[in-house]
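This is entry_11.cif (mmCIF, C-alpha atoms; chains and numbers go by the auth columns).
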```cif
data_target
loop_
_atom_site.group_PDB
_atom_site.id
_atom_site.type_symbol
_atom_site.label_atom_id
_atom_site.label_comp_id
_atom_site.label_asym_id
_atom_site.label_seq_id
_atom_site.Cartn_x
_atom_site.Cartn_y
_atom_site.Cartn_z
_atom_site.B_iso_or_equiv
_atom_site.auth_seq_id
_atom_site.auth_asym_id
ATOM 1 C CA MET A 1 132.301 154.172 71.433 0.00 1 A
ATOM 2 C CA ARG A 2 129.723 152.812 69.048 0.00 2 A
ATOM 3 C CA GLN A 3 130.086 149.254 70.316 0.00 3 A
ATOM 4 C CA ASN A 4 129.838 150.474 73.922 0.00 4 A
ATOM 5 C CA MET A 5 126.480 152.178 73.152 0.00 5 A
ATOM 6 C CA TRP A 6 125.190 148.998 71.558 0.00 6 A
ATOM 7 C CA CYS A 7 126.129 146.991 74.633 0.00 7 A
ATOM 8 C CA SER A 8 124.411 149.405 77.050 0.00 8 A
ATOM 9 C CA ALA A 9 121.225 149.413 74.915 0.00 9 A
ATOM 10 C CA LYS A 10 121.207 145.611 74.920 0.00 10 A
ATOM 11 C CA VAL A 11 121.537 145.520 78.731 0.00 11 A
ATOM 12 C CA TRP A 12 118.718 148.044 79.076 0.00 12 A
ATOM 13 C CA VAL A 13 116.403 145.883 76.889 0.00 13 A
ATOM 14 C CA HIS A 14 117.138 142.794 79.043 0.00 14 A
ATOM 15 C CA GLN A 15 116.409 144.747 82.228 0.00 15 A
ATOM 16 C CA VAL A 16 113.005 145.797 80.880 0.00 16 A
ATOM 17 C CA ASP A 17 112.206 142.199 79.879 0.00 17 A
ATOM 18 C CA ALA A 18 113.156 140.971 83.351 0.00 18 A
ATOM 19 C CA GLN A 19 110.985 143.611 84.985 0.00 19 A
ATOM 20 C CA MET A 20 107.999 142.560 82.881 0.00 20 A
ATOM 21 C CA SER A 21 108.421 138.897 83.807 0.00 21 A
ATOM 22 C CA ILE A 22 108.600 139.798 87.519 0.00 22 A
ATOM 23 C CA GLU A 23 105.468 141.929 87.216 0.00 23 A
ATOM 24 C CA LEU A 24 103.723 139.035 85.459 0.00 24 A
ATOM 25 C CA ALA A 25 104.803 136.596 88.188 0.00 25 A
ATOM 26 C CA VAL A 26 103.446 138.922 90.875 0.00 26 A
ATOM 27 C CA LEU A 27 100.210 139.670 89.036 0.00 27 A
ATOM 28 C CA MET A 28 99.348 136.130 87.856 0.00 28 A
ATOM 29 C CA PRO A 29 98.109 134.736 91.235 0.00 29 A
ATOM 30 C CA VAL A 30 95.810 137.719 91.656 0.00 30 A
ATOM 31 C CA VAL A 31 94.447 137.247 88.134 0.00 31 A
ATOM 32 C CA LEU A 32 93.833 133.526 88.805 0.00 32 A
ATOM 33 C CA VAL A 33 91.953 134.224 92.035 0.00 33 A
ATOM 34 C CA MET A 34 89.872 136.921 90.337 0.00 34 A
ATOM 35 C CA SER A 35 89.034 134.549 87.481 0.00 35 A
ATOM 36 C CA LEU A 36 87.865 131.933 90.020 0.00 36 A
ATOM 37 C CA LEU A 37 85.647 134.562 91.652 0.00 37 A
ATOM 38 C CA VAL A 38 84.125 135.494 88.302 0.00 38 A
ATOM 39 C CA PHE A 39 83.612 131.811 87.418 0.00 39 A
ATOM 40 C CA ASN A 40 81.798 131.116 90.700 0.00 40 A
ATOM 41 C CA LEU A 41 79.686 134.264 90.360 0.00 41 A
ATOM 42 C CA ALA A 42 78.664 133.353 86.802 0.00 42 A
ATOM 43 C CA ARG A 43 77.787 129.802 87.881 0.00 43 A
ATOM 44 C CA TYR A 44 75.790 131.170 90.855 0.00 44 A
ATOM 45 C CA LEU A 45 73.804 133.549 88.639 0.00 45 A
ATOM 46 C CA GLY A 46 73.142 130.877 86.009 0.00 46 A
ATOM 47 C CA LEU A 47 71.980 128.285 88.526 0.00 47 A
ATOM 48 C CA GLY A 48 69.928 130.930 90.348 0.00 48 A
ATOM 49 C CA MET A 49 68.031 131.901 87.200 0.00 49 A
ATOM 50 C CA LYS A 50 67.335 128.269 86.345 0.00 50 A
ATOM 51 C CA PHE A 51 66.333 127.585 89.965 0.00 51 A
ATOM 52 C CA SER A 52 63.843 130.476 89.982 0.00 52 A
ATOM 53 C CA ALA A 53 62.141 129.208 86.847 0.00 53 A
ATOM 54 C CA GLU A 54 62.016 125.615 88.090 0.00 54 A
ATOM 55 C CA CYS A 55 60.658 126.690 91.495 0.00 55 A
ATOM 56 C CA SER A 56 57.823 128.727 90.052 0.00 56 A
ATOM 57 C CA HIS A 57 56.814 125.914 87.679 0.00 57 A
ATOM 58 C CA ALA A 58 56.999 123.229 90.365 0.00 58 A
ATOM 59 C CA ILE A 59 55.110 125.258 92.975 0.00 59 A
ATOM 60 C CA VAL A 60 52.309 126.275 90.639 0.00 60 A
ATOM 61 C CA ASN A 61 51.969 122.771 89.173 0.00 61 A
ATOM 62 C CA LEU A 62 52.474 120.610 92.268 0.00 62 A
ATOM 63 C CA GLY A 63 52.407 122.776 95.354 0.00 63 A
ATOM 64 C CA THR A 64 48.860 124.028 95.057 0.00 64 A
ATOM 65 C CA THR A 65 47.171 120.708 94.316 0.00 65 A
ATOM 66 C CA GLN A 66 45.884 118.946 97.402 0.00 66 A
ATOM 67 C CA THR A 67 46.662 115.225 97.375 0.00 67 A
ATOM 68 C CA SER A 68 44.744 114.447 100.571 0.00 68 A
ATOM 69 C CA THR A 69 42.512 116.177 103.071 0.00 69 A
ATOM 70 C CA ILE A 70 44.974 115.505 105.904 0.00 70 A
ATOM 71 C CA GLN A 71 47.725 117.456 104.192 0.00 71 A
ATOM 72 C CA GLN A 72 47.156 121.115 105.064 0.00 72 A
ATOM 73 C CA LEU A 73 50.315 122.830 103.782 0.00 73 A
ATOM 74 C CA GLY A 74 50.712 121.886 100.161 0.00 74 A
ATOM 75 C CA ASN A 75 53.178 119.273 98.982 0.00 75 A
ATOM 76 C CA PRO A 76 56.798 120.361 99.606 0.00 76 A
ATOM 77 C CA THR A 77 58.313 116.915 98.955 0.00 77 A
ATOM 78 C CA ALA A 78 56.792 116.709 95.464 0.00 78 A
ATOM 79 C CA VAL A 79 57.989 120.246 94.740 0.00 79 A
ATOM 80 C CA LYS A 80 61.524 119.387 95.907 0.00 80 A
ATOM 81 C CA GLN A 81 61.637 116.209 93.838 0.00 81 A
ATOM 82 C CA ALA A 82 60.464 118.039 90.708 0.00 82 A
ATOM 83 C CA ILE A 83 63.060 120.784 91.172 0.00 83 A
ATOM 84 C CA GLU A 84 65.869 118.264 91.788 0.00 84 A
ATOM 85 C CA LYS A 85 64.841 116.249 88.733 0.00 85 A
ATOM 86 C CA ASN A 86 64.863 119.283 86.445 0.00 86 A
ATOM 87 C CA MET A 87 67.968 120.986 87.891 0.00 87 A
ATOM 88 C CA GLN A 88 70.236 117.877 87.824 0.00 88 A
ATOM 89 C CA LEU A 89 72.649 119.380 90.361 0.00 89 A
ATOM 90 C CA ASN A 90 74.581 116.186 91.230 0.00 90 A
ATOM 91 C CA ASP A 91 77.273 117.469 93.648 0.00 91 A
ATOM 92 C CA LEU A 92 76.943 121.189 92.856 0.00 92 A
ATOM 93 C CA GLY A 93 74.505 121.969 95.643 0.00 93 A
ATOM 94 C CA GLU A 94 71.519 121.136 97.806 0.00 94 A
ATOM 95 C CA ILE A 95 67.837 122.058 97.554 0.00 95 A
ATOM 96 C CA GLU A 96 65.461 122.643 100.448 0.00 96 A
ATOM 97 C CA VAL A 97 61.728 123.444 100.265 0.00 97 A
ATOM 98 C CA GLN A 98 59.653 124.753 103.173 0.00 98 A
ATOM 99 C CA VAL A 99 55.992 125.749 103.353 0.00 99 A
ATOM 100 C CA HIS A 100 54.524 128.161 105.892 0.00 100 A
ATOM 101 C CA GLU A 101 50.963 129.335 106.391 0.00 101 A
ATOM 102 C CA ARG A 102 50.796 133.127 106.425 0.00 102 A
ATOM 103 C CA ASN A 103 47.990 135.292 107.732 0.00 103 A
ATOM 104 C CA HIS A 104 49.539 138.724 107.243 0.00 104 A
ATOM 105 C CA PHE A 105 46.313 140.681 107.272 0.00 105 A
ATOM 106 C CA ILE A 106 44.511 139.092 110.202 0.00 106 A
ATOM 107 C CA ALA A 107 44.723 140.899 113.541 0.00 107 A
ATOM 108 C CA GLU A 108 45.389 138.827 116.648 0.00 108 A
ATOM 109 C CA THR A 109 42.103 139.846 118.283 0.00 109 A
ATOM 110 C CA THR A 110 39.789 138.793 115.451 0.00 110 A
ATOM 111 C CA THR A 111 38.150 135.383 115.585 0.00 111 A
ATOM 112 C CA PHE A 112 36.978 135.341 111.979 0.00 112 A
ATOM 113 C CA SER A 113 38.274 137.108 108.913 0.00 113 A
ATOM 114 C CA PHE A 114 37.238 137.269 105.291 0.00 114 A
ATOM 115 C CA LEU A 115 40.829 137.926 104.277 0.00 115 A
ATOM 116 C CA PRO A 116 42.515 134.902 102.722 0.00 116 A
ATOM 117 C CA LYS A 117 45.314 132.917 104.186 0.00 117 A
ATOM 118 C CA VAL A 118 48.178 132.090 101.875 0.00 118 A
ATOM 119 C CA HIS A 119 50.934 129.541 101.786 0.00 119 A
ATOM 120 C CA GLU A 120 54.484 130.794 101.473 0.00 120 A
ATOM 121 C CA TYR A 121 56.888 128.459 99.709 0.00 121 A
ATOM 122 C CA ILE A 122 60.535 129.083 100.527 0.00 122 A
ATOM 123 C CA CYS A 123 62.878 127.263 98.164 0.00 123 A
ATOM 124 C CA THR A 124 66.561 127.425 99.071 0.00 124 A
ATOM 125 C CA LEU A 125 69.470 126.456 96.824 0.00 125 A
ATOM 126 C CA ARG A 126 72.883 126.051 98.472 0.00 126 A
ATOM 127 C CA ILE A 127 75.635 126.061 95.856 0.00 127 A
ATOM 128 C CA LYS A 128 79.094 124.736 96.698 0.00 128 A
ATOM 129 C CA PRO A 129 81.761 127.006 95.173 0.00 129 A
ATOM 130 C CA TRP A 130 84.671 125.504 93.267 0.00 130 A
ATOM 131 C CA PRO A 131 87.384 125.117 94.514 0.00 131 A
ATOM 132 C CA SER A 132 86.590 125.227 98.209 0.00 132 A
ATOM 133 C CA HIS A 133 90.092 126.467 99.147 0.00 133 A
ATOM 134 C CA PHE A 134 92.950 127.631 96.939 0.00 134 A
ATOM 135 C CA VAL A 135 96.328 129.249 97.698 0.00 135 A
ATOM 136 C CA ILE A 136 98.852 130.291 95.065 0.00 136 A
ATOM 137 C CA ALA A 137 101.958 132.340 95.781 0.00 137 A
ATOM 138 C CA GLY A 138 100.551 133.732 98.991 0.00 138 A
ATOM 139 C CA VAL A 139 97.199 134.786 97.513 0.00 139 A
ATOM 140 C CA SER A 140 94.400 132.893 99.243 0.00 140 A
ATOM 141 C CA PHE A 141 90.996 132.017 97.794 0.00 141 A
ATOM 142 C CA SER A 142 88.614 130.605 100.378 0.00 142 A
ATOM 143 C CA PRO A 143 84.964 131.320 99.580 0.00 143 A
ATOM 144 C CA PRO A 144 82.148 130.589 102.031 0.00 144 A
ATOM 145 C CA PRO A 145 81.129 126.918 102.256 0.00 145 A
ATOM 146 C CA PHE A 146 77.834 127.634 100.463 0.00 146 A
ATOM 147 C CA MET A 147 76.415 130.399 98.333 0.00 147 A
ATOM 148 C CA VAL A 148 72.700 130.615 99.141 0.00 148 A
ATOM 149 C CA TYR A 149 69.956 131.514 96.662 0.00 149 A
ATOM 150 C CA GLU A 150 66.420 131.817 98.023 0.00 150 A
ATOM 151 C CA TYR A 151 63.139 131.938 96.117 0.00 151 A
ATOM 152 C CA ARG A 152 59.804 132.797 97.787 0.00 152 A
ATOM 153 C CA LEU A 153 56.348 132.434 96.312 0.00 153 A
ATOM 154 C CA PHE A 154 52.934 133.007 97.890 0.00 154 A
ATOM 155 C CA VAL A 155 50.062 130.828 96.642 0.00 155 A
ATOM 156 C CA ASP A 156 46.383 130.473 97.427 0.00 156 A
ATOM 157 C CA PRO A 157 45.867 127.042 99.045 0.00 157 A
ATOM 158 C CA TYR A 158 42.233 126.791 97.954 0.00 158 A
ATOM 159 C CA ARG A 159 42.539 127.592 94.257 0.00 159 A
ATOM 160 C CA SER A 160 44.958 125.518 92.229 0.00 160 A
ATOM 161 C CA GLY A 161 47.516 127.502 90.251 0.00 161 A
ATOM 162 C CA VAL A 162 46.699 130.917 91.765 0.00 162 A
ATOM 163 C CA VAL A 163 49.766 132.917 92.710 0.00 163 A
ATOM 164 C CA VAL A 164 49.250 135.769 95.180 0.00 164 A
#
```

Please lay out the structure from this file as structure tokens.
Amino acid sequence: MRQNMWCSAKVWVHQVDAQMSIELAVLMPVVLVMSLLVFNLARYLGLGMKFSAECSHAIVNLGTTQTSTIQQLGNPTAVKQAIEKNMQLNDLGEIEVQVHERNHFIAETTTFSFLPKVHEYICTLRIKPWPSHFVIAGVSFSPPPFMVYEYRLFVDPYRSGVVV
């Protein structure tokens, strides 16, 4: 009787161990995909913070200085080059800089206004997530092709270094 109890307890312990290994095998792909999501989110937030700082410095330093009288809308190429130089993205993403003239306060019927016009710099960072596609044990990880971070800054085109 005593030996029979020992044998049944030993079988019960092995069944519990087998159940735990099956639960681990089922749960592990989900944990891996979640860890990839957290990794990409952390990288996105880190690059976004660095990108915001670099954009504001580059726009204030280079975007508001007029290099020639022909150039009316700032200097987006110099701003882009400065951001790319400081970010050192390599293959992690792409940077795009656009400049638009904004007259938010001027009505369409007025011919002259004392209200200032401003330049709006739109800096866009497109980050490529890693990996681009991943499948493990039926759990799929396919993020969008790019995660987009956008930074906007309004500057006065006539006074260097003045942010509106």

key: 12 Å contact set for region 89-91 of chain A, all atoms listed in the file, chain neighbours under 5 positions out, as a list in words   =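 Listed by chain and then number, they are Arg43, Leu47, Gly48, Lys50, Phe51, Gln81, Ile83, Glu84, Leu125, Arg126, Ile127, Lys128, Pro129 and Trp130 of chain A.
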
request  = Would you work out the distance separating CA of Asn75 (chain A) from CA of Met87 (chain A), expressed in Å to one decimal?
outcome  =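 Interatomic distance, CA of Asn75 (chain A) to CA of Met87 (chain A): 18.6 Å.
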
ask   = CA of Ala18 (chain A) to CA of Ser140 (chain A): how many Å, to one decimal?
value = 25.9 Å

message = Counting only C-alpha atoms, which residue out of A:Val60, A:Val139, A:Met20, A:Leu37 sits closest to Val155 (chain A)?
response =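 For Val155 (chain A), the nearest of the candidates is A:Val60.
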
query = Any idea what the distance is between CA of Met34 (chain A) and CA of Phe134 (chain A)?
reply =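 Separation of CA of Met34 (chain A) and CA of Phe134 (chain A): 11.8 Å.
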
message = the PyMOL selection byres ((chain A and resi 141) around 10) - which residues does that actually catch in the file I just gave you? List them as JSON, numbers by chain.
response = {"A": [30, 32, 33, 34, 36, 37, 131, 132, 133, 134, 135, 136, 138, 139, 140, 142, 143, 144]}

So that all listed atoms of region 46-52 of chain A fit with 4 Å spare on each side, what axis-aligned box centre and edge lengths in Å, to one decimal, would you give as lines of an AutoDock Vina configuration file?
```
center_x = 68.5
center_y = 129.7
center_z = 88.2
size_x = 17.3
size_y = 12.3
size_z = 12.3
```

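Comparing A:Asn61, A:Asn40, A:Gln88, A:Ser21 by their smallest distance to Phe146 (chain A), the closest is A:Asn40 (using all atoms listed in the file).
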
key: Residues within 6 Å of Val118 (chain A), only C-alpha atoms, excluding chain neighbours under 3 positions, as a VMD selection string   = chain A and resid 101 to 102 155 to 156

task = Would you mind telling me which residue in A:Val148, A:Val97, A:Ala137, A:Phe39 lies nearest to Ala25 (chain A) when using all atoms listed in the file?
result =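 Closest residue, counting all atoms listed in the file: A:Ala137.
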
request  = Take the point (55.7, 121.0, 98.1) in the file's coordinates, draw a sphere of radius 9 Å around it, and report as a VMD selection string every protein, DNA or RNA residue with an atom inside or on it, counting all atoms listed in the file.
outcome  = chain A and resid 58 to 59 62 to 64 73 to 81 97 to 99 121
